[in-house]
Amino acid sequence: MESMGGLPDNISFSGTPNEYEARGGIMFKNRKIEVLSKAKVFEGFSREELKTISKHCLKIEFQRGDVLIEISQKPSGLFILTKGQLKVFLPERLDGRKERRASTVNLNVLKEGDCFGEYSLLENTQVSASVVGKEPGEVLKIPKSGFDEIMADDRIGKKIYRNFLHILIKRLRKKENELDLVLLAS
């Protein structure tokens, strides 16, 4: 049985994404391709490339308050938000540690087309923030094994890395602007 990584135990499956799809747990192939085409991480991809990627995608529905990934867990995959909103944050207290933050640190609110889970996948390190449902919605998840297989294709891998770079630069600029506003207000 493969766990969905940080999700409730009732959202798990055994087998491959294609076997899961055959049981009705995944969007229809054309719908997955359409959703992927709107995701920033897959900007500029051909229909054939998206079709290759879609074979590895699992659809996961979530409710407000559901934890999709939790800080310090192992990387479980790349997630693309297809419906709803998610909150990315650093919790006040980490399990098993005495240290505490003064409060929860809100990092971002993700909207449709945004991705998450990429930091830990790219660095092969523990997850650096928690992601929880802000409102009901759904994500597509590319499990780590599928992501590794996709990235083994040099052409597709280079496009994904380029898009990750653009996404991360935009996030960094947004945080720099937020910090600048805080410093100006001080």
# chains A, B, ... in the order shown; residues from 1 in each chain; ligands from 1

call {"tool": "residues_around", "arguments": {"residues": "A:Arg155", "least_positions_apart": "4", "cutoff": "12 Å", "atoms": "only C-alpha atoms", "output": "list of chain:residue names"}}
result
A:Phe45, A:Ser46, A:Glu49, A:Ile150, A:Met151, A:Lys159, A:Ile160, A:Tyr161, A:Arg162

call {"tool": "residues_around", "arguments": {"residues": "A:Ile53", "least_positions_apart": "3", "cutoff": "10 Å", "atoms": "only C-alpha atoms", "output": "ChimeraX atom specification"}}
result
/A:32-33,36,42,47-50,56-57,142,146-147,149-151,156

call {"tool": "closest_atom_pairs", "arguments": {"of": "stretch 45-94 of chain A", "to": "stretch 119-138 of chain A", "cutoff": "7 Å", "atoms": "only C-alpha atoms", "output": "Markdown table"}}
result
| residue | atom | partner | partner_atom | distance |
| --- | --- | --- | --- | --- |
| A:Lys59 | CA | A:Glu138 | CA | 6.9 |
| A:Ile60 | CA | A:Glu138 | CA | 5.5 |
| A:Glu61 | CA | A:Glu138 | CA | 4.2 |
| A:Phe62 | CA | A:Gly137 | CA | 5.5 |
| A:Gln63 | CA | A:Pro136 | CA | 4.1 |
| A:Arg64 | CA | A:Glu135 | CA | 4.4 |
| A:Gly65 | CA | A:Gly133 | CA | 4.9 |
| A:Asp66 | CA | A:Gly133 | CA | 5.2 |
| A:Val67 | CA | A:Val132 | CA | 4.4 |
| A:Leu68 | CA | A:Val131 | CA | 5.7 |
| A:Ile69 | CA | A:Val131 | CA | 5.3 |
| A:Glu70 | CA | A:Ser130 | CA | 4.2 |
| A:Ile71 | CA | A:Ala129 | CA | 4.5 |
| A:Ser72 | CA | A:Gln126 | CA | 4.9 |
| A:Gln73 | CA | A:Gln126 | CA | 5.3 |
| A:Lys74 | CA | A:Gln126 | CA | 4.8 |
| A:Pro75 | CA | A:Ser120 | CA | 5.3 |
| A:Gly77 | CA | A:Leu121 | CA | 6.7 |
| A:Leu81 | CA | A:Glu138 | CA | 6.3 |
| A:Thr82 | CA | A:Glu138 | CA | 5.7 |
| A:Lys83 | CA | A:Gly137 | CA | 4.6 |
| A:Gly84 | CA | A:Gly137 | CA | 4.1 |
| A:Gln85 | CA | A:Lys134 | CA | 5.3 |
| A:Leu86 | CA | A:Gly133 | CA | 4.6 |
| A:Lys87 | CA | A:Val132 | CA | 5.4 |
| A:Val88 | CA | A:Val131 | CA | 4.6 |
| A:Phe89 | CA | A:Ser130 | CA | 5.4 |
| A:Leu90 | CA | A:Ala129 | CA | 5.3 |

call {"tool": "write_last_selection", "arguments": {"atoms": "N, CA and C atoms", "output": "PDB file, in the first residue's frame"}}
result
ATOM      1  N   LYS A  59      -5.597  12.175  -8.825  1.00  0.00           N
ATOM      2  CA  LYS A  59      -6.468  13.251  -8.340  1.00  0.00           C
ATOM      3  C   LYS A  59      -6.756  13.017  -6.869  1.00  0.00           C
ATOM      4  N   ILE A  60      -6.585  14.071  -6.074  1.00  0.00           N
ATOM      5  CA  ILE A  60      -6.865  13.995  -4.642  1.00  0.00           C
ATOM      6  C   ILE A  60      -7.785  15.151  -4.279  1.00  0.00           C
ATOM      7  N   GLU A  61      -8.922  14.826  -3.681  1.00  0.00           N
ATOM      8  CA  GLU A  61      -9.831  15.856  -3.194  1.00  0.00           C
ATOM      9  C   GLU A  61      -9.500  16.138  -1.740  1.00  0.00           C
ATOM     10  N   PHE A  62      -9.682  17.388  -1.325  1.00  0.00           N
ATOM     11  CA  PHE A  62      -9.413  17.760   0.062  1.00  0.00           C
ATOM     12  C   PHE A  62     -10.488  18.715   0.557  1.00  0.00           C
ATOM     13  N   GLN A  63     -10.590  18.788   1.873  1.00  0.00           N
ATOM     14  CA  GLN A  63     -11.536  19.685   2.534  1.00  0.00           C
ATOM     15  C   GLN A  63     -10.763  20.763   3.285  1.00  0.00           C
ATOM     16  N   ARG A  64     -11.453  21.770   3.720  1.00  0.00           N
ATOM     17  CA  ARG A  64     -10.846  22.818   4.552  1.00  0.00           C
ATOM     18  C   ARG A  64     -10.220  22.137   5.778  1.00  0.00           C
ATOM     19  N   GLY A  65      -8.975  22.457   6.048  1.00  0.00           N
ATOM     20  CA  GLY A  65      -8.278  21.911   7.203  1.00  0.00           C
ATOM     21  C   GLY A  65      -7.510  20.625   6.950  1.00  0.00           C
ATOM     22  N   ASP A  66      -7.745  19.965   5.816  1.00  0.00           N
ATOM     23  CA  ASP A  66      -6.992  18.743   5.496  1.00  0.00           C
ATOM     24  C   ASP A  66      -5.531  19.088   5.235  1.00  0.00           C
ATOM     25  N   VAL A  67      -4.626  18.316   5.813  1.00  0.00           N
ATOM     26  CA  VAL A  67      -3.190  18.501   5.617  1.00  0.00           C
ATOM     27  C   VAL A  67      -2.763  17.683   4.404  1.00  0.00           C
ATOM     28  N   LEU A  68      -2.208  18.356   3.398  1.00  0.00           N
ATOM     29  CA  LEU A  68      -1.740  17.647   2.211  1.00  0.00           C
ATOM     30  C   LEU A  68      -0.274  17.260   2.330  1.00  0.00           C
ATOM     31  N   ILE A  69       0.544  18.158   2.842  1.00  0.00           N
ATOM     32  CA  ILE A  69       1.916  17.809   3.198  1.00  0.00           C
ATOM     33  C   ILE A  69       2.242  18.499   4.518  1.00  0.00           C
ATOM     34  N   GLU A  70       3.129  17.870   5.270  1.00  0.00           N
ATOM     35  CA  GLU A  70       3.463  18.385   6.590  1.00  0.00           C
ATOM     36  C   GLU A  70       4.968  18.572   6.707  1.00  0.00           C
ATOM     37  N   ILE A  71       5.349  19.664   7.333  1.00  0.00           N
ATOM     38  CA  ILE A  71       6.761  19.981   7.514  1.00  0.00           C
ATOM     39  C   ILE A  71       7.503  18.768   8.082  1.00  0.00           C
ATOM     40  N   SER A  72       8.696  18.541   7.595  1.00  0.00           N
ATOM     41  CA  SER A  72       9.620  17.485   8.036  1.00  0.00           C
ATOM     42  C   SER A  72       9.329  16.100   7.473  1.00  0.00           C
ATOM     43  N   GLN A  73       8.251  15.920   6.718  1.00  0.00           N
ATOM     44  CA  GLN A  73       8.025  14.600   6.131  1.00  0.00           C
ATOM     45  C   GLN A  73       8.934  14.431   4.907  1.00  0.00           C
ATOM     46  N   LYS A  74       9.090  13.198   4.464  1.00  0.00           N
ATOM     47  CA  LYS A  74       9.879  12.919   3.258  1.00  0.00           C
ATOM     48  C   LYS A  74       9.118  13.432   2.043  1.00  0.00           C
ATOM     49  N   PRO A  75       9.849  13.796   0.976  1.00  0.00           N
ATOM     50  CA  PRO A  75       9.144  14.257  -0.235  1.00  0.00           C
ATOM     51  C   PRO A  75       8.273  13.134  -0.797  1.00  0.00           C
ATOM     52  N   GLY A  77       5.890  13.865  -3.526  1.00  0.00           N
ATOM     53  CA  GLY A  77       5.532  14.115  -4.913  1.00  0.00           C
ATOM     54  C   GLY A  77       5.346  15.588  -5.189  1.00  0.00           C
ATOM     55  N   LEU A  81      -2.355  22.396  -7.793  1.00  0.00           N
ATOM     56  CA  LEU A  81      -3.687  22.754  -7.308  1.00  0.00           C
ATOM     57  C   LEU A  81      -4.602  22.986  -8.507  1.00  0.00           C
ATOM     58  N   THR A  82      -5.694  22.222  -8.565  1.00  0.00           N
ATOM     59  CA  THR A  82      -6.622  22.332  -9.695  1.00  0.00           C
ATOM     60  C   THR A  82      -7.934  23.010  -9.324  1.00  0.00           C
ATOM     61  N   LYS A  83      -8.241  23.017  -8.021  1.00  0.00           N
ATOM     62  CA  LYS A  83      -9.480  23.669  -7.574  1.00  0.00           C
ATOM     63  C   LYS A  83      -9.327  23.991  -6.094  1.00  0.00           C
ATOM     64  N   GLY A  84      -9.804  25.170  -5.686  1.00  0.00           N
ATOM     65  CA  GLY A  84      -9.771  25.552  -4.288  1.00  0.00           C
ATOM     66  C   GLY A  84      -8.566  26.412  -3.946  1.00  0.00           C
ATOM     67  N   GLN A  85      -8.296  26.524  -2.647  1.00  0.00           N
ATOM     68  CA  GLN A  85      -7.146  27.282  -2.151  1.00  0.00           C
ATOM     69  C   GLN A  85      -6.470  26.504  -1.037  1.00  0.00           C
ATOM     70  N   LEU A  86      -5.164  26.702  -0.938  1.00  0.00           N
ATOM     71  CA  LEU A  86      -4.361  26.057   0.093  1.00  0.00           C
ATOM     72  C   LEU A  86      -3.526  27.098   0.820  1.00  0.00           C
ATOM     73  N   LYS A  87      -3.269  26.854   2.091  1.00  0.00           N
ATOM     74  CA  LYS A  87      -2.416  27.738   2.878  1.00  0.00           C
ATOM     75  C   LYS A  87      -1.088  27.030   3.119  1.00  0.00           C
ATOM     76  N   VAL A  88       0.019  27.749   2.854  1.00  0.00           N
ATOM     77  CA  VAL A  88       1.362  27.246   3.110  1.00  0.00           C
ATOM     78  C   VAL A  88       1.874  27.973   4.352  1.00  0.00           C
ATOM     79  N   PHE A  89       2.360  27.223   5.335  1.00  0.00           N
ATOM     80  CA  PHE A  89       2.763  27.867   6.591  1.00  0.00           C
ATOM     81  C   PHE A  89       3.824  27.060   7.323  1.00  0.00           C
ATOM     82  N   LEU A  90       4.481  27.739   8.263  1.00  0.00           N
ATOM     83  CA  LEU A  90       5.390  27.105   9.213  1.00  0.00           C
ATOM     84  C   LEU A  90       4.634  27.043  10.534  1.00  0.00           C
TER      85      LEU A  90
END

call {"tool": "select_by_dssp", "arguments": {"residues": "stretch 27-185 of chain A", "states": "strand (DSSP E)", "output": "VMD selection string"}}
result
chain A and resid 58 to 62 67 to 69 77 to 90 105 to 110 115 to 116 130 to 143

call {"tool": "select_by_dssp", "arguments": {"residues": "stretch 18-160 of chain A", "states": "helix (DSSP H, G or I)", "output": "ChimeraX atom specification"}}
result
/A:18-22,29-38,40-42,47-54,118-123,144-151,154-160

call {"tool": "atom_distance", "arguments": {"atom1": "atom CA of A:Gly113", "atom2": "atom CA of A:Val41"}}
result
8.2 Å

call {"tool": "closest_residue", "arguments": {"among": "A:Ala152, A:Lys55, A:Val105, A:Ile80", "to": "A:Lys29", "atoms": "only C-alpha atoms"}}
result
A:Lys55

call {"tool": "atom_distance", "arguments": {"atom1": "atom CA of A:Lys170", "atom2": "atom CA of A:Glu112"}}
result
16.0 Å

call {"tool": "residues_around", "arguments": {"residues": "A:Phe79", "least_positions_apart": "2", "cutoff": "9 Å", "atoms": "only C-alpha atoms", "output": "PyMOL selection string"}}
result
chain A and resi 77+81+114-118+139-143

call {"tool": "write_last_selection", "arguments": {"atoms": "C-alpha atoms", "output": "short mmCIF file (atom, residue, chain, number, x, y, z; two decimals), in the first residue's frame"}}
result
data_model
loop_
_atom_site.label_atom_id
_atom_site.label_comp_id
_atom_site.auth_asym_id
_atom_site.auth_seq_id
_atom_site.Cartn_x
_atom_site.Cartn_y
_atom_site.Cartn_z
CA GLY A 77 5.53 14.11 -4.91
CA LEU A 81 -3.69 22.75 -7.31
CA ASP A 114 0.05 26.73 -8.46
CA CYS A 115 2.31 23.83 -7.54
CA PHE A 116 3.92 22.74 -4.28
CA GLY A 117 6.18 20.00 -3.00
CA GLU A 118 8.89 20.93 -5.50
CA VAL A 139 -4.96 18.61 -6.51
CA LEU A 140 -3.18 16.46 -9.01
CA LYS A 141 -0.29 14.61 -7.43
CA ILE A 142 2.67 13.22 -9.33
CA PRO A 143 4.22 10.73 -6.88
#

call {"tool": "closest_residue", "arguments": {"among": "A:Phe164, A:Glu92, A:Lys38, A:Lys111", "to": "A:Leu78", "atoms": "only C-alpha atoms"}}
result
A:Phe164

call {"tool": "atom_distance", "arguments": {"atom1": "atom CA of A:Leu168", "atom2": "atom CA of A:Gly44"}}
result
17.0 Å

call {"tool": "decode", "arguments": {"residues": "stretch 56-75 of chain A", "atoms": "N, CA and C atoms", "output": "short mmCIF file (atom, residue, chain, number, x, y, z; two decimals), in the first residue's frame"}}
result
data_model
loop_
_atom_site.label_atom_id
_atom_site.label_comp_id
_atom_site.auth_asym_id
_atom_site.auth_seq_id
_atom_site.Cartn_x
_atom_site.Cartn_y
_atom_site.Cartn_z
N HIS A 56 1.09 9.84 -14.90
CA HIS A 56 1.60 9.71 -13.54
C HIS A 56 0.75 10.45 -12.51
N CYS A 57 -0.32 11.11 -12.94
CA CYS A 57 -1.10 11.99 -12.06
C CYS A 57 -2.23 11.27 -11.33
N LEU A 58 -2.36 11.59 -10.06
CA LEU A 58 -3.46 11.12 -9.24
C LEU A 58 -4.29 12.32 -8.81
N LYS A 59 -5.60 12.17 -8.82
CA LYS A 59 -6.47 13.25 -8.34
C LYS A 59 -6.76 13.02 -6.87
N ILE A 60 -6.59 14.07 -6.07
CA ILE A 60 -6.87 14.00 -4.64
C ILE A 60 -7.78 15.15 -4.28
N GLU A 61 -8.92 14.83 -3.68
CA GLU A 61 -9.83 15.86 -3.19
C GLU A 61 -9.50 16.14 -1.74
N PHE A 62 -9.68 17.39 -1.32
CA PHE A 62 -9.41 17.76 0.06
C PHE A 62 -10.49 18.72 0.56
N GLN A 63 -10.59 18.79 1.87
CA GLN A 63 -11.54 19.68 2.53
C GLN A 63 -10.76 20.76 3.29
N ARG A 64 -11.45 21.77 3.72
CA ARG A 64 -10.85 22.82 4.55
C ARG A 64 -10.22 22.14 5.78
N GLY A 65 -8.97 22.46 6.05
CA GLY A 65 -8.28 21.91 7.20
C GLY A 65 -7.51 20.62 6.95
N ASP A 66 -7.74 19.97 5.82
CA ASP A 66 -6.99 18.74 5.50
C ASP A 66 -5.53 19.09 5.23
N VAL A 67 -4.63 18.32 5.81
CA VAL A 67 -3.19 18.50 5.62
C VAL A 67 -2.76 17.68 4.40
N LEU A 68 -2.21 18.36 3.40
CA LEU A 68 -1.74 17.65 2.21
C LEU A 68 -0.27 17.26 2.33
N ILE A 69 0.54 18.16 2.84
CA ILE A 69 1.92 17.81 3.20
C ILE A 69 2.24 18.50 4.52
N GLU A 70 3.13 17.87 5.27
CA GLU A 70 3.46 18.39 6.59
C GLU A 70 4.97 18.57 6.71
N ILE A 71 5.35 19.66 7.33
CA ILE A 71 6.76 19.98 7.51
C ILE A 71 7.50 18.77 8.08
N SER A 72 8.70 18.54 7.60
CA SER A 72 9.62 17.49 8.04
C SER A 72 9.33 16.10 7.47
N GLN A 73 8.25 15.92 6.72
CA GLN A 73 8.03 14.60 6.13
C GLN A 73 8.93 14.43 4.91
N LYS A 74 9.09 13.20 4.46
CA LYS A 74 9.88 12.92 3.26
C LYS A 74 9.12 13.43 2.04
N PRO A 75 9.85 13.80 0.98
CA PRO A 75 9.14 14.26 -0.23
C PRO A 75 8.27 13.13 -0.80
#
